[in-house]
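S.K.: First the structure, which I've put down as structure tokens, then a few questions once you've had a look.
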Amino acid sequence: MQDLELNTDAYLPLRDVVFNTLREAILRGDLKPGERLMELQLAAKLGVSRTPIREAIRMLQQEGLAVTIPRRGAEVAGMTEKDMEDVLQIREALEILAVQLASEKVTDEQVDELAEKVKAFEEVLKTKDIKQIAQADIDFHDVIYTAADNPKLLGMLNNLREQIYRYRVEYLKDEKNYPRLIEEHQQILDGLRRRDKAYVAEMTRTHVDNQANAVKNIIRRQE
């Protein structure tokens, strides 16, 4: 386990600060699959009590970033093809539904907002900051979810977001994927501008499938 430094934020509960610190360490690869998450050791490193560590580990488990092994305790979860496929299959179905609804309900103002998000995503790619890039990608999709105007669907997509975050980050680490991502975002935008329901559904399916195939290859290389 490498040295960890608490990412302090006065506006967040301590458990969330610990969670964000551990989460980023896992996504960066500082905490590796199979590495044990021992409460006492982590508490000493981060200068906190065991309670926020325990709560943070529980939150990591909800995201699929940690697992509990009998007689061994919590450890960093590895990525498996099955887990990835299960999550992205659900994402594809919900994303297609969202974009189809959006094609029927999207306003001109929301189309303009989506165009701004496309440009913002292209700009943030230049920073090579994976955290910012992932957030810009999320911001793009959030406009579509809002345009779908279905609070129940929005809630399901927001719950799923945590489970797909790790796969999103792995995909975005490879700069070779950026030109295709930009093109896919633009295609979805163009389809929504035309209110072309069939087209945006197909482009969204391609968008998610490309991510799934890329992450599958990453998992195979890691194995």
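Going through the structure tokens in order, the chains are called A, B, and so on, while each chain numbers its residues from 1 and the ligands are numbered from 1 in the order shown.
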Do you have, as a Markdown table, the list of residues of region 19-68 of chain A lying at most 7 Å from region 149-168 of chain A, each with its nearest atom pair and that distance in Å to one decimal, counting only C-alpha atoms and ordered by chain then number?
M.R.:
| residue | atom | partner | partner_atom | distance |
| --- | --- | --- | --- | --- |
| A:Leu27 | CA | A:Arg166 | CA | 6.7 |
| A:Glu63 | CA | A:Gln163 | CA | 4.8 |
| A:Gly64 | CA | A:Gln163 | CA | 6.2 |
S.K.: Those same residues, written as a PDB file, in the first residue's frame with C-alpha atoms?
M.R.:
ATOM      1  CA  LEU A  27      -8.924   4.204  -9.715  1.00  0.00           C
ATOM      2  CA  GLU A  63     -19.621   0.853  -6.176  1.00  0.00           C
ATOM      3  CA  GLY A  64     -18.058  -2.542  -6.776  1.00  0.00           C
TER       4      GLY A  64
END
S.K.: Report as a CSV table (one decimal) with N, CA and C atoms, in the first residue's frame: the residues of region 68-176 of chain A with a DSSP assignment of strand (DSSP E), based on the backbone of this structure.
M.R.:
chain,number,residue,atom,x,y,z
A,68,THR,N,-15.8,-8.1,0.3
A,68,THR,CA,-15.4,-8.7,1.6
A,68,THR,C,-15.2,-10.2,1.4
A,69,ILE,N,-14.1,-10.7,1.7
A,69,ILE,CA,-13.7,-12.1,1.6
A,69,ILE,C,-13.8,-12.8,3.0
A,73,GLY,N,-11.5,-10.4,5.2
A,73,GLY,CA,-11.9,-9.0,5.3
A,73,GLY,C,-12.1,-8.4,4.0
A,74,ALA,N,-12.1,-7.0,4.0
A,74,ALA,CA,-12.3,-6.3,2.8
A,74,ALA,C,-11.0,-6.1,2.0
A,75,GLU,N,-11.2,-6.2,0.7
A,75,GLU,CA,-10.0,-5.9,-0.2
A,75,GLU,C,-10.5,-5.2,-1.5
A,76,VAL,N,-9.5,-4.7,-2.2
A,76,VAL,CA,-9.9,-4.0,-3.5
A,76,VAL,C,-10.4,-5.1,-4.5
S.K.: Please build the interface table for region 57-102 of chain A against region 205-217 of chain A with a cut-off of 8 Å, listing for each qualifying residue the nearest atom pair and the distance in Å to one decimal; count only C-alpha atoms, order rows by chain and increasing number, and write it as a Markdown table.
M.R.:
| residue | atom | partner | partner_atom | distance |
| --- | --- | --- | --- | --- |
| A:Glu81 | CA | A:Lys216 | CA | 6.0 |
| A:Met84 | CA | A:Ala212 | CA | 7.5 |
| A:Glu85 | CA | A:Ala212 | CA | 7.1 |
| A:Leu88 | CA | A:Ala212 | CA | 6.8 |
| A:Arg91 | CA | A:Val208 | CA | 7.8 |
| A:Glu92 | CA | A:Val208 | CA | 6.1 |
| A:Ile96 | CA | A:Arg205 | CA | 6.8 |
S.K.: Keeping N, CA and C atoms for every residue in the selection just given, could you write it to a file as a compact mmCIF listing (two decimals), in the first residue's frame?
M.R.:
# COMPACT_ATOMS: atom_id res chain seq x y z
N GLU A 81 -14.90 -9.62 -16.50
CA GLU A 81 -15.72 -9.41 -17.70
C GLU A 81 -17.20 -9.54 -17.38
N MET A 84 -18.55 -6.46 -15.60
CA MET A 84 -18.58 -5.36 -16.54
C MET A 84 -19.73 -5.51 -17.53
N GLU A 85 -19.89 -6.71 -18.08
CA GLU A 85 -20.96 -6.95 -19.05
C GLU A 85 -22.33 -6.77 -18.42
N LEU A 88 -22.90 -2.94 -17.92
CA LEU A 88 -23.05 -2.16 -19.15
C LEU A 88 -24.26 -2.60 -19.98
N ARG A 91 -26.84 -0.50 -18.44
CA ARG A 91 -26.62 0.89 -18.86
C ARG A 91 -27.12 1.10 -20.28
N GLU A 92 -26.82 0.15 -21.17
CA GLU A 92 -27.23 0.32 -22.57
C GLU A 92 -28.75 0.41 -22.68
N ILE A 96 -30.50 3.94 -23.85
CA ILE A 96 -31.29 3.97 -25.08
C ILE A 96 -32.69 4.49 -24.79
S.K.: List as an mmCIF file with N, CA and C atoms, in the first residue's frame the protein and nucleic acid residues near region 33-40 of chain A, meaning an atom at most 10 Å away when only C-alpha atoms are counted, but skip any in the same chain fewer than 5 places from it.
M.R.:
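Ended up saving to part.cif:
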data_model
loop_
_atom_site.group_PDB
_atom_site.id
_atom_site.type_symbol
_atom_site.label_atom_id
_atom_site.label_comp_id
_atom_site.auth_asym_id
_atom_site.auth_seq_id
_atom_site.Cartn_x
_atom_site.Cartn_y
_atom_site.Cartn_z
ATOM 1 N N MET A 1 0.845 -1.198 0.000
ATOM 2 C CA MET A 1 0.000 0.000 0.000
ATOM 3 C C MET A 1 0.881 1.250 0.000
ATOM 4 N N LEU A 22 -9.941 6.972 -0.867
ATOM 5 C CA LEU A 22 -9.715 5.571 -1.210
ATOM 6 C C LEU A 22 -10.159 5.273 -2.634
ATOM 7 N N ILE A 26 -7.807 3.770 -5.651
ATOM 8 C CA ILE A 26 -8.120 2.539 -6.389
ATOM 9 C C ILE A 26 -8.149 2.808 -7.890
ATOM 10 N N LYS A 45 -2.898 5.595 8.668
ATOM 11 C CA LYS A 45 -2.326 6.323 7.534
ATOM 12 C C LYS A 45 -3.053 7.648 7.287
ATOM 13 N N VAL A 48 -7.435 9.130 10.989
ATOM 14 C CA VAL A 48 -8.849 9.174 11.385
ATOM 15 C C VAL A 48 -9.155 7.940 12.228
ATOM 16 N N SER A 49 -10.369 7.897 12.787
ATOM 17 C CA SER A 49 -10.780 6.722 13.545
ATOM 18 C C SER A 49 -11.225 5.612 12.593
ATOM 19 N N ARG A 50 -11.536 4.452 13.156
ATOM 20 C CA ARG A 50 -11.941 3.316 12.317
ATOM 21 C C ARG A 50 -13.355 3.491 11.754
ATOM 22 N N THR A 51 -14.182 4.290 12.427
ATOM 23 C CA THR A 51 -15.583 4.408 12.001
ATOM 24 C C THR A 51 -15.720 4.957 10.581
ATOM 25 N N PRO A 52 -15.104 6.100 10.222
ATOM 26 C CA PRO A 52 -15.229 6.571 8.842
ATOM 27 C C PRO A 52 -14.577 5.632 7.832
ATOM 28 N N ILE A 53 -13.542 4.904 8.257
ATOM 29 C CA ILE A 53 -12.914 3.920 7.377
ATOM 30 C C ILE A 53 -13.913 2.806 7.064
ATOM 31 N N ARG A 54 -14.582 2.316 8.096
ATOM 32 C CA ARG A 54 -15.564 1.246 7.920
ATOM 33 C C ARG A 54 -16.716 1.704 7.005
ATOM 34 N N ILE A 57 -15.465 1.989 3.361
ATOM 35 C CA ILE A 57 -15.326 0.669 2.734
ATOM 36 C C ILE A 57 -16.692 0.153 2.303
ATOM 37 N N LEU A 65 -16.045 -1.447 -5.970
ATOM 38 C CA LEU A 65 -14.599 -1.231 -5.899
ATOM 39 C C LEU A 65 -13.949 -2.054 -4.785
ATOM 40 N N ALA A 66 -14.753 -2.596 -3.903
ATOM 41 C CA ALA A 66 -14.224 -3.429 -2.817
ATOM 42 C C ALA A 66 -15.150 -4.623 -2.599
ATOM 43 N N VAL A 67 -14.579 -5.684 -2.080
ATOM 44 C CA VAL A 67 -15.366 -6.879 -1.750
ATOM 45 C C VAL A 67 -14.910 -7.378 -0.385
ATOM 46 N N THR A 68 -15.793 -8.119 0.281
ATOM 47 C CA THR A 68 -15.442 -8.729 1.560
ATOM 48 C C THR A 68 -15.247 -10.223 1.360
ATOM 49 N N ILE A 69 -14.087 -10.706 1.748
ATOM 50 C CA ILE A 69 -13.742 -12.119 1.617
ATOM 51 C C ILE A 69 -13.835 -12.775 2.995
ATOM 52 N N ARG A 72 -11.026 -13.075 5.753
ATOM 53 C CA ARG A 72 -9.935 -12.247 5.253
ATOM 54 C C ARG A 72 -10.248 -10.762 5.367
ATOM 55 N N GLY A 73 -11.511 -10.434 5.231
ATOM 56 C CA GLY A 73 -11.899 -9.029 5.340
ATOM 57 C C GLY A 73 -12.051 -8.371 3.983
ATOM 58 N N ALA A 74 -12.092 -7.045 3.996
ATOM 59 C CA ALA A 74 -12.307 -6.281 2.770
ATOM 60 C C ALA A 74 -11.009 -6.149 1.974
ATOM 61 N N GLU A 75 -11.164 -6.157 0.667
ATOM 62 C CA GLU A 75 -10.017 -5.925 -0.202
ATOM 63 C C GLU A 75 -10.486 -5.249 -1.483
ATOM 64 N N VAL A 76 -9.538 -4.687 -2.209
ATOM 65 C CA VAL A 76 -9.860 -4.027 -3.469
ATOM 66 C C VAL A 76 -10.353 -5.068 -4.470
ATOM 67 N N ALA A 77 -11.493 -4.795 -5.081
ATOM 68 C CA ALA A 77 -12.076 -5.746 -6.029
ATOM 69 C C ALA A 77 -11.356 -5.690 -7.365
ATOM 70 N N GLY A 78 -11.205 -6.847 -7.973
ATOM 71 C CA GLY A 78 -10.707 -6.888 -9.334
ATOM 72 C C GLY A 78 -11.864 -6.667 -10.304
ATOM 73 N N MET A 79 -11.540 -6.300 -11.522
ATOM 74 C CA MET A 79 -12.578 -6.156 -12.549
ATOM 75 C C MET A 79 -12.712 -7.482 -13.281
#
S.K.: For each of A:Leu14, A:Arg221, A:Arg194, A:Gln186, take the minimum atom-to-atom distance to Glu104 (chain A), counting only C-alpha atoms, then give the residue where this is smallest.
M.R.: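 Result for the nearest residue to Glu104 (chain A): A:Arg194.
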S.K.: Check the smallest atom-to-atom distance from each of A:Lys105, A:Lys32, A:Arg195, A:Arg15 to Ala147 (chain A) using only C-alpha atoms, then report the winner.
M.R.: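 Among the listed residues, A:Lys105 lies closest to Ala147 (chain A).
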S.K.: Which is closest to Val124 (chain A) among A:His141, A:Leu172, A:Gln41, A:Asp112, if we use only C-alpha atoms?
M.R.: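 Result for the nearest residue to Val124 (chain A): A:Leu172.
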S.K.: Would you mind writing down, as a VMD selection string, each residue of region 159-203 of chain A that DSSP on the backbone assigns to alpha helix (DSSP H)?
M.R.: chain A and resid 159 to 172 178 to 193 197 to 203
S.K.: Keeping only C-alpha atoms, write the selected residues as a PDB file, in the first residue's frame.
M.R.:
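Saved as result06.pdb:
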ATOM      1  CA  ASN A 159     -27.856   4.827  -9.032  1.00  0.00           C
ATOM      2  CA  LEU A 160     -26.125   2.991 -11.863  1.00  0.00           C
ATOM      3  CA  ARG A 161     -23.572   5.774 -12.302  1.00  0.00           C
ATOM      4  CA  GLU A 162     -21.546   4.661  -9.297  1.00  0.00           C
ATOM      5  CA  GLN A 163     -21.301   1.110 -10.613  1.00  0.00           C
ATOM      6  CA  ILE A 164     -20.070   2.154 -14.059  1.00  0.00           C
ATOM      7  CA  TYR A 165     -17.662   4.856 -12.876  1.00  0.00           C
ATOM      8  CA  ARG A 166     -14.691   2.487 -12.689  1.00  0.00           C
ATOM      9  CA  TYR A 167     -15.271   1.249 -16.229  1.00  0.00           C
ATOM     10  CA  ARG A 168     -15.720   4.820 -17.476  1.00  0.00           C
ATOM     11  CA  VAL A 169     -12.376   5.811 -15.959  1.00  0.00           C
ATOM     12  CA  GLU A 170     -10.564   2.773 -17.397  1.00  0.00           C
ATOM     13  CA  TYR A 171     -11.944   3.618 -20.837  1.00  0.00           C
ATOM     14  CA  LEU A 172     -10.937   7.267 -20.575  1.00  0.00           C
ATOM     15  CA  TYR A 178     -10.833  10.204 -27.556  1.00  0.00           C
ATOM     16  CA  PRO A 179     -11.437  10.852 -31.283  1.00  0.00           C
ATOM     17  CA  ARG A 180     -14.130   8.176 -31.372  1.00  0.00           C
ATOM     18  CA  LEU A 181     -15.744   9.535 -28.205  1.00  0.00           C
ATOM     19  CA  ILE A 182     -15.889  13.045 -29.657  1.00  0.00           C
ATOM     20  CA  GLU A 183     -17.463  11.696 -32.835  1.00  0.00           C
ATOM     21  CA  GLU A 184     -20.037   9.650 -30.906  1.00  0.00           C
ATOM     22  CA  HIS A 185     -21.039  12.619 -28.751  1.00  0.00           C
ATOM     23  CA  GLN A 186     -21.452  14.729 -31.880  1.00  0.00           C
ATOM     24  CA  GLN A 187     -23.559  12.053 -33.576  1.00  0.00           C
ATOM     25  CA  ILE A 188     -25.884  11.814 -30.591  1.00  0.00           C
ATOM     26  CA  LEU A 189     -26.167  15.595 -30.503  1.00  0.00           C
ATOM     27  CA  ASP A 190     -26.957  15.757 -34.227  1.00  0.00           C
ATOM     28  CA  GLY A 191     -29.603  13.067 -33.863  1.00  0.00           C
ATOM     29  CA  LEU A 192     -31.290  14.864 -30.980  1.00  0.00           C
ATOM     30  CA  ARG A 193     -31.206  18.119 -32.894  1.00  0.00           C
ATOM     31  CA  LYS A 197     -35.431   8.648 -32.418  1.00  0.00           C
ATOM     32  CA  ALA A 198     -34.119   5.622 -34.312  1.00  0.00           C
ATOM     33  CA  TYR A 199     -30.792   7.258 -35.107  1.00  0.00           C
ATOM     34  CA  VAL A 200     -29.995   8.382 -31.549  1.00  0.00           C
ATOM     35  CA  ALA A 201     -30.915   4.942 -30.220  1.00  0.00           C
ATOM     36  CA  GLU A 202     -28.498   3.272 -32.632  1.00  0.00           C
ATOM     37  CA  MET A 203     -25.715   5.787 -31.914  1.00  0.00           C
TER      38      MET A 203
END
S.K.: Near region 119-123 of chain A, counting only C-alpha atoms, which residues have an atom at most 7 Å away, once you skip same-chain residues fewer than 5 positions from it, shown as a PyMOL selection string?
M.R.: chain A and resi 133+136-137+182
S.K.: Can you spit out the residues from that selection as a PDB file, in the first residue's frame, using C-alpha atoms?
M.R.:
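This went into out-v1.pdb:
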ATOM      1  CA  ILE A 133     -12.619  14.172 -18.241  1.00  0.00           C
ATOM      2  CA  ALA A 136     -17.286  16.158 -18.462  1.00  0.00           C
ATOM      3  CA  ASP A 137     -18.527  12.892 -19.942  1.00  0.00           C
ATOM      4  CA  ILE A 182     -15.889  13.045 -29.657  1.00  0.00           C
TER       5      ILE A 182
END
S.K.: To one decimal place in Å, what is the distance between CA of Glu113 (chain A) and CA of Glu175 (chain A)?
M.R.: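 Taking CA of Glu113 (chain A) and CA of Glu175 (chain A), their separation equals 25.2 Å.
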